[in-house]
Structures are given as C-alpha cells and as structure tokens.
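J.: For reference, this is coords_34.cif, and it has mmCIF, C-alpha atoms and all ligand atoms.
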```
data_entry
#
loop_
_atom_site.group_PDB
_atom_site.id
_atom_site.type_symbol
_atom_site.label_atom_id
_atom_site.label_comp_id
_atom_site.auth_asym_id
_atom_site.auth_seq_id
_atom_site.Cartn_x
_atom_site.Cartn_y
_atom_site.Cartn_z
ATOM 1 C CA MET A 23 0.000 0.000 0.000
ATOM 2 C CA THR A 24 1.186 3.529 -0.727
ATOM 3 C CA PRO A 25 2.442 5.296 2.409
ATOM 4 C CA SER A 26 0.845 8.649 3.087
ATOM 5 C CA HIS A 27 1.959 11.328 5.475
ATOM 6 C CA LEU A 28 -0.213 13.998 7.072
ATOM 7 C CA LEU A 29 1.453 17.359 7.522
ATOM 8 C CA HIS A 30 -0.058 20.020 9.746
ATOM 9 C CA LEU A 31 0.188 23.583 8.414
ATOM 10 C CA PRO A 32 -1.002 25.857 11.255
ATOM 11 C CA ASP A 33 -0.610 29.058 9.259
ATOM 12 C CA LEU A 34 0.391 30.562 5.939
ATOM 13 C CA GLN A 35 4.092 30.701 6.856
ATOM 14 C CA ASP A 36 4.100 26.916 7.317
ATOM 15 C CA THR A 37 2.585 26.414 3.872
ATOM 16 C CA ILE A 38 5.211 28.751 2.412
ATOM 17 C CA ALA A 39 8.031 26.894 4.191
ATOM 18 C CA PHE A 40 6.658 23.553 2.981
ATOM 19 C CA GLY A 41 6.289 24.748 -0.626
ATOM 20 C CA SER A 42 9.750 26.313 -0.666
ATOM 21 C CA HIS A 43 11.230 23.026 0.522
ATOM 22 C CA LEU A 44 9.425 21.170 -2.262
ATOM 23 C CA GLY A 45 10.698 23.676 -4.819
ATOM 24 C CA ARG A 46 14.289 23.441 -3.603
ATOM 25 C CA ASN A 47 14.239 19.642 -3.880
ATOM 26 C CA ALA A 48 12.381 19.269 -7.180
ATOM 27 C CA GLN A 49 14.159 17.728 -10.145
ATOM 28 C CA PRO A 50 13.363 17.859 -13.881
ATOM 29 C CA GLY A 51 10.386 15.632 -14.686
ATOM 30 C CA ASP A 52 8.886 15.759 -11.179
ATOM 31 C CA ILE A 53 5.118 16.124 -10.999
ATOM 32 C CA PHE A 54 3.098 17.384 -8.033
ATOM 33 C CA THR A 55 -0.683 16.965 -8.204
ATOM 34 C CA LEU A 56 -2.529 19.353 -5.876
ATOM 35 C CA THR A 57 -6.043 18.453 -4.779
ATOM 36 C CA GLY A 58 -8.461 19.985 -2.284
ATOM 37 C CA ASP A 59 -11.441 22.312 -2.255
ATOM 38 C CA LEU A 60 -11.653 25.833 -3.673
ATOM 39 C CA GLY A 61 -9.557 28.105 -1.449
ATOM 40 C CA ALA A 62 -7.693 25.243 0.237
ATOM 41 C CA GLY A 63 -4.360 26.776 -0.819
ATOM 42 C CA LYS A 64 -3.255 25.016 -4.010
ATOM 43 C CA THR A 65 -2.203 28.196 -5.819
ATOM 44 C CA THR A 66 -0.633 29.589 -2.628
ATOM 45 C CA LEU A 67 1.421 26.407 -2.289
ATOM 46 C CA THR A 68 2.438 26.702 -5.952
ATOM 47 C CA GLN A 69 3.669 30.254 -5.309
ATOM 48 C CA ALA A 70 5.862 28.926 -2.490
ATOM 49 C CA ILE A 71 7.136 26.104 -4.706
ATOM 50 C CA GLY A 72 8.072 28.844 -7.183
ATOM 51 C CA GLN A 73 10.062 30.632 -4.455
ATOM 52 C CA GLY A 74 11.951 27.414 -3.734
ATOM 53 C CA LEU A 75 12.652 27.033 -7.453
ATOM 54 C CA GLU A 76 14.019 30.594 -7.549
ATOM 55 C CA VAL A 77 11.381 31.906 -9.911
ATOM 56 C CA PRO A 78 12.201 35.663 -10.004
ATOM 57 C CA PRO A 79 9.865 37.675 -7.731
ATOM 58 C CA ASP A 80 8.619 39.808 -10.641
ATOM 59 C CA PHE A 81 6.809 36.718 -11.957
ATOM 60 C CA TYR A 82 3.629 36.547 -9.907
ATOM 61 C CA ILE A 83 2.203 33.027 -9.957
ATOM 62 C CA THR A 84 -1.567 33.043 -10.444
ATOM 63 C CA SER A 85 -4.001 30.396 -11.552
ATOM 64 C CA PRO A 86 -3.740 29.990 -15.313
ATOM 65 C CA THR A 87 -7.516 30.070 -15.665
ATOM 66 C CA PHE A 88 -7.794 30.958 -19.326
ATOM 67 C CA SER A 89 -4.692 29.378 -20.776
ATOM 68 C CA LEU A 90 -4.760 26.355 -18.402
ATOM 69 C CA LEU A 91 -0.962 26.466 -18.277
ATOM 70 C CA HIS A 92 1.658 29.018 -17.280
ATOM 71 C CA GLU A 93 5.390 28.504 -17.562
ATOM 72 C CA TYR A 94 7.860 30.289 -15.270
ATOM 73 C CA PRO A 95 11.666 30.369 -15.393
ATOM 74 C CA GLY A 96 13.588 29.208 -12.329
ATOM 75 C CA ARG A 97 16.428 26.876 -11.328
ATOM 76 C CA ILE A 98 14.420 24.506 -13.516
ATOM 77 C CA PRO A 99 11.241 25.583 -15.380
ATOM 78 C CA LEU A 100 7.948 25.526 -13.500
ATOM 79 C CA TYR A 101 4.907 24.408 -15.489
ATOM 80 C CA HIS A 102 1.761 25.329 -13.570
ATOM 81 C CA MET A 103 -1.541 23.892 -14.801
ATOM 82 C CA ASP A 104 -4.989 24.604 -13.407
ATOM 83 C CA LEU A 105 -7.422 22.233 -15.069
ATOM 84 C CA TYR A 106 -10.553 23.399 -13.207
ATOM 85 C CA ARG A 107 -12.042 24.816 -16.386
ATOM 86 C CA LEU A 108 -10.806 22.112 -18.709
ATOM 87 C CA GLY A 109 -13.537 21.535 -21.279
ATOM 88 C CA SER A 110 -12.407 18.348 -22.927
ATOM 89 C CA MET A 111 -9.525 15.951 -23.203
ATOM 90 C CA GLU A 112 -8.820 17.415 -26.668
ATOM 91 C CA GLU A 113 -7.749 20.622 -24.918
ATOM 92 C CA ILE A 114 -5.122 18.612 -23.050
ATOM 93 C CA GLU A 115 -3.813 17.317 -26.349
ATOM 94 C CA GLU A 116 -3.753 20.848 -27.793
ATOM 95 C CA LEU A 117 -1.838 21.967 -24.738
ATOM 96 C CA GLY A 118 0.823 19.347 -25.438
ATOM 97 C CA PHE A 119 0.404 18.246 -21.833
ATOM 98 C CA GLU A 120 2.574 15.169 -22.169
ATOM 99 C CA ASP A 121 5.458 17.190 -23.601
ATOM 100 C CA TYR A 122 5.539 19.131 -20.344
ATOM 101 C CA LEU A 123 5.253 16.054 -18.157
ATOM 102 C CA TYR A 124 8.243 14.466 -19.765
ATOM 103 C CA GLY A 125 10.110 17.737 -20.169
ATOM 104 C CA ASN A 126 12.866 19.464 -18.237
ATOM 105 C CA GLY A 127 10.871 21.124 -15.520
ATOM 106 C CA LEU A 128 8.664 20.637 -12.509
ATOM 107 C CA THR A 129 4.970 20.270 -13.329
ATOM 108 C CA VAL A 130 2.381 21.341 -10.743
ATOM 109 C CA VAL A 131 -1.232 20.433 -11.562
ATOM 110 C CA GLU A 132 -4.296 21.829 -9.785
ATOM 111 C CA TRP A 133 -7.492 19.763 -10.298
ATOM 112 C CA PRO A 134 -5.557 16.742 -11.686
ATOM 113 C CA ASP A 135 -8.658 14.497 -11.625
ATOM 114 C CA ARG A 136 -9.517 16.138 -14.968
ATOM 115 C CA LEU A 137 -6.601 14.226 -16.506
ATOM 116 C CA GLU A 138 -8.493 10.946 -16.283
ATOM 117 C CA GLU A 139 -6.413 8.265 -18.026
ATOM 118 C CA LEU A 140 -3.528 10.694 -18.592
ATOM 119 C CA MET A 141 -2.868 10.864 -14.838
ATOM 120 C CA PRO A 142 0.894 10.233 -14.509
ATOM 121 C CA ASP A 143 2.003 7.037 -12.759
ATOM 122 C CA SER A 144 4.802 8.796 -10.938
ATOM 123 C CA ARG A 145 3.837 11.845 -8.918
ATOM 124 C CA LEU A 146 3.587 13.335 -5.464
ATOM 125 C CA ASP A 147 -0.049 13.978 -4.642
ATOM 126 C CA ILE A 148 -0.726 16.706 -2.084
ATOM 127 C CA HIS A 149 -4.263 16.955 -0.777
ATOM 128 C CA LEU A 150 -4.903 20.223 1.069
ATOM 129 C CA THR A 151 -7.721 20.538 3.585
ATOM 130 C CA LEU A 152 -9.003 23.847 4.958
ATOM 131 C CA ILE A 153 -9.352 23.542 8.734
ATOM 132 C CA ASN A 154 -10.020 27.194 9.543
ATOM 133 C CA GLU A 155 -9.033 30.631 8.240
ATOM 134 C CA HIS A 156 -5.283 30.125 8.715
ATOM 135 C CA GLU A 157 -4.910 26.412 9.320
ATOM 136 C CA ARG A 158 -4.503 23.724 6.670
ATOM 137 C CA SER A 159 -3.411 20.106 6.489
ATOM 138 C CA ALA A 160 -1.566 18.448 3.630
ATOM 139 C CA LEU A 161 -1.891 14.721 2.987
ATOM 140 C CA LEU A 162 1.140 13.605 0.972
ATOM 141 C CA THR A 163 0.834 10.461 -1.110
ATOM 142 C CA PRO A 164 3.702 9.442 -3.394
ATOM 143 C CA TYR A 165 3.090 7.324 -6.485
ATOM 144 C CA GLY A 166 5.737 5.509 -8.523
ATOM 145 C CA ASP A 167 9.423 6.311 -8.439
ATOM 146 C CA ILE A 168 9.069 9.751 -6.845
ATOM 147 C CA ILE A 169 9.074 8.053 -3.412
ATOM 148 C CA PRO A 170 12.851 7.856 -2.818
ATOM 149 C CA ARG A 171 13.324 11.489 -3.803
ATOM 150 C CA PHE A 172 10.867 12.818 -1.251
ATOM 151 C CA SER A 173 11.312 10.070 1.314
ATOM 152 C CA SER A 174 12.225 12.619 4.003
ATOM 153 C CA PHE A 175 8.531 13.424 4.235
ATOM 154 C CA PHE A 176 7.645 9.892 5.168
ATOM 155 C CA HIS A 177 9.873 9.295 8.182
ATOM 156 C CA ARG A 178 7.586 9.564 11.164
ATOM 157 C CA ASN A 179 10.317 10.575 13.570
ATOM 158 C CA THR A 180 11.684 13.462 11.568
ATOM 159 C CA PRO A 181 8.967 16.124 11.678
ATOM 160 C CA PHE A 182 9.310 17.835 8.355
ATOM 161 C CA LEU A 183 8.847 21.444 9.413
ATOM 162 C CA ASN A 184 11.604 21.211 12.027
ATOM 163 C CA LYS A 185 14.114 20.559 9.303
ATOM 164 C CA ILE A 186 13.545 23.770 7.359
HETATM 165 N N1 LIG B 1 -2.033 27.904 5.982
HETATM 166 C C1 LIG B 1 -2.429 28.395 4.793
HETATM 167 N N2 LIG B 1 -2.018 27.753 3.669
HETATM 168 C C2 LIG B 1 -2.424 28.174 2.448
HETATM 169 N N3 LIG B 1 -3.243 29.235 2.247
HETATM 170 C C3 LIG B 1 -3.660 29.909 3.316
HETATM 171 C C4 LIG B 1 -3.283 29.514 4.629
HETATM 172 N N4 LIG B 1 -3.875 30.367 5.506
HETATM 173 C C5 LIG B 1 -4.574 31.240 4.781
HETATM 174 N N5 LIG B 1 -4.459 30.985 3.454
HETATM 175 C C6 LIG B 1 -5.141 31.753 2.398
HETATM 176 O O1 LIG B 1 -6.097 30.916 1.761
HETATM 177 C C7 LIG B 1 -6.240 31.297 0.389
HETATM 178 C C8 LIG B 1 -6.000 30.080 -0.495
HETATM 179 O O2 LIG B 1 -6.333 30.439 -1.810
HETATM 180 P P1 LIG B 1 -5.737 29.688 -3.086
HETATM 181 O O3 LIG B 1 -6.081 30.516 -4.268
HETATM 182 O O4 LIG B 1 -4.303 29.341 -2.861
HETATM 183 O O5 LIG B 1 -6.613 28.351 -3.073
HETATM 184 P P2 LIG B 1 -6.769 27.262 -4.227
HETATM 185 O O6 LIG B 1 -6.775 25.940 -3.529
HETATM 186 O O7 LIG B 1 -5.758 27.481 -5.297
HETATM 187 O O8 LIG B 1 -8.226 27.569 -4.776
HETATM 188 P P3 LIG B 1 -8.858 27.277 -6.241
HETATM 189 O O9 LIG B 1 -9.406 25.884 -6.219
HETATM 190 O O10 LIG B 1 -9.939 28.313 -6.362
HETATM 191 O O11 LIG B 1 -7.782 27.452 -7.279
HETATM 192 C C9 LIG B 1 -5.223 32.405 0.129
HETATM 193 O O12 LIG B 1 -5.878 33.650 0.235
HETATM 194 C C10 LIG B 1 -4.225 32.230 1.280
HETATM 195 O O13 LIG B 1 -3.576 33.436 1.650
HETATM 196 MG MG MG B 2 -5.921 27.773 -7.368
#
```
Take the structure in the file and give it back as structure tokens.
Ligand SMILES: Nc1ncnc2c1ncn2[C@@H]1O[C@H](COP(=O)(O)OP(=O)(O)OP(=O)(O)O)[C@@H](O)[C@H]1O
Ligand SMILES: [Mg+2]
T.:
Amino acid sequence: MTPSHLLHLPDLQDTIAFGSHLGRNAQPGDIFTLTGDLGAGKTTLTQAIGQGLEVPPDFYITSPTFSLLHEYPGRIPLYHMDLYRLGSMEEIEELGFEDYLYGNGLTVVEWPDRLEELMPDSRLDIHLTLINEHERSALLTPYGDIIPRFSSFFHRNTPFLNKI
C-alpha cells in the first residue's frame, strides 16, 4: 500500500516553508498533483514552490484560468496547470500536456482528476484541507518512483517542518 503522510500547516508561513522546501528539492520531470477544495491553498502552495525554485519575484504566480498552463523560469522551469475549467480531453492534447510532463521542468497540476487516463504514474499527490481561516493540512501520497526522492517526508520521527 502507498504510504501517506499527514502534515499540519497551522498558518500561511508553514505552507510557504513547505512549498519552498518542495521547490528546492524538485528535479526535472517531477510532478506534483494538488487536490483539495476551492480556497484550500493550491495556488498559494504553488507560489511557495516557485520561491523554492528561484522563480524571479517579478513573476507573480496566479491560476492559469484561461490558458490552463503558465510557464515560469527558475532553477528549472515551473509548469503550472490549473485544469478546473478544462472543457475536454482534446484541450489537453492541444496543450501538449505530455510534452511538459516528460520535459525538463517541474509540473504542478491543480485539479488533476480532470486528466483521467492521462494521470501520470509517478507523482507526489498533495491533498490540502481547509481547517479554519489560517490552518490547513496536507496529505502527501507518493506514487511511482518519486518516493525515494521525497522520502524525508515519510519518516515519522523526523517532523518535516523542524528541518527547514
Ligand atoms: N495555511 C495556509 N495555507 C495556504 N493558504 C492559506 C493559509 N492560511 C490562509 N491561506 C489563504 O487561503 C487562500 C487560499 O487560496 P488559493 O487561491 O491558494 O486556493 P486554491 O486551492 O488554489 O483555490 P482554487 O481551487 O480556487 O484554485 C489564500 O488567500 C491564502 O492566503
Ligand atoms: Mg488555485
């Protein structure tokens, strides 16, 4: 069974620290799928991942609502997709989605359930839950060969946030 790890994010700074850590450790071809309700913090986490990837601060990361995909320069490229408004799987093909997945950057996908059968086998899934105004939790579930690369998250006795 896939190991999952629940991370407590008491306030925005914790989410930023978590995202920055993810961004600093990401390698070309990594994929993070971000799930959770509207307002849970998926785009906010992506902004922090961008900080960790050294995306220049003059690039403000927002949800790519109309284009579905935004690309940002950083230590490695960041491909940010928000598929909430995806109309059809043909749009994914037009987007050249698979070229990005197997490209040289980190891909972050909001609303990845829209991918259906194109859901990548290897990815780190992060499910955000809104607890109250400032508090969130993140359930991390690795799939495929991403596990060894982010294994630090899954050691029970090494609380992740203490290591930042
Ligand atoms: N601990 C926290 N972690 C993340 N966001 C937080 C936290 N506390 C407060 N927030 C706020 O919650 C909001 C989250 O909005 P955000 O756009 O990131 O959500 P989203 O999951 O991307 O929503 P959508 O599904 O509409 O794209 C932001 O205004 C952010 O500042
Ligand atoms: Mg969003």
J.: Please define a box with edges along x, y and z of the file around all atoms of ligand LIG 1 (chain B) given in the file, extend it by 3 Å on each side, and return its centre and edge lengths in Å to one decimal, as AutoDock Vina command-line options.
T.:
```
--center_x -6.0 --center_y 29.8 --center_z -0.6 --size_x 13.9 --size_y 13.8 --size_z 19.3
```
J.: Can you tell me which residues sit at most 7 Å away from ligand LIG 1 (chain B), counting all atoms listed in the file, written as a PyMOL selection string?
T.: chain A and resi 31-37+58-67+85+155-158
J.: Counting only C-alpha atoms, which residue out of A:Leu162, A:Leu90, A:Leu29, A:Leu146 sits closest to A:Phe119?
T.: A:Leu90
J.: List the residues sitting within 8 Å of (-15.2, 18.0, -16.1) in the file's frame, using only C-alpha atoms, as a ChimeraX atom specification.
T.: /A:106-110,136
J.: Between A:Leu105, A:Ile114, A:Ala48, A:Leu100, which residue has the minimum interatomic distance to A:Trp133, considering all atoms listed in the file?
T.: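 Of A:Leu105, A:Ile114, A:Ala48, A:Leu100, the one nearest A:Trp133 is A:Leu105, counting all atoms listed in the file.
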J.: Give me the residues within 9 Å of A:Ile53 as a list in words, counting all atoms listed in the file and dropping any in the same chain fewer than 5 places off.
T.: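 In the requested form, the answer reads Ala48, Leu123, Gly127, Leu128, Thr129, Val130, Val131, Pro142, Ser144, Arg145, Leu146, Asp147 and Ile168 of chain A.
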J.: Quick one: distance from atom CA of A:Thr163 to atom CA of A:Gly74 in Å, one decimal?
T.: 20.4 Å
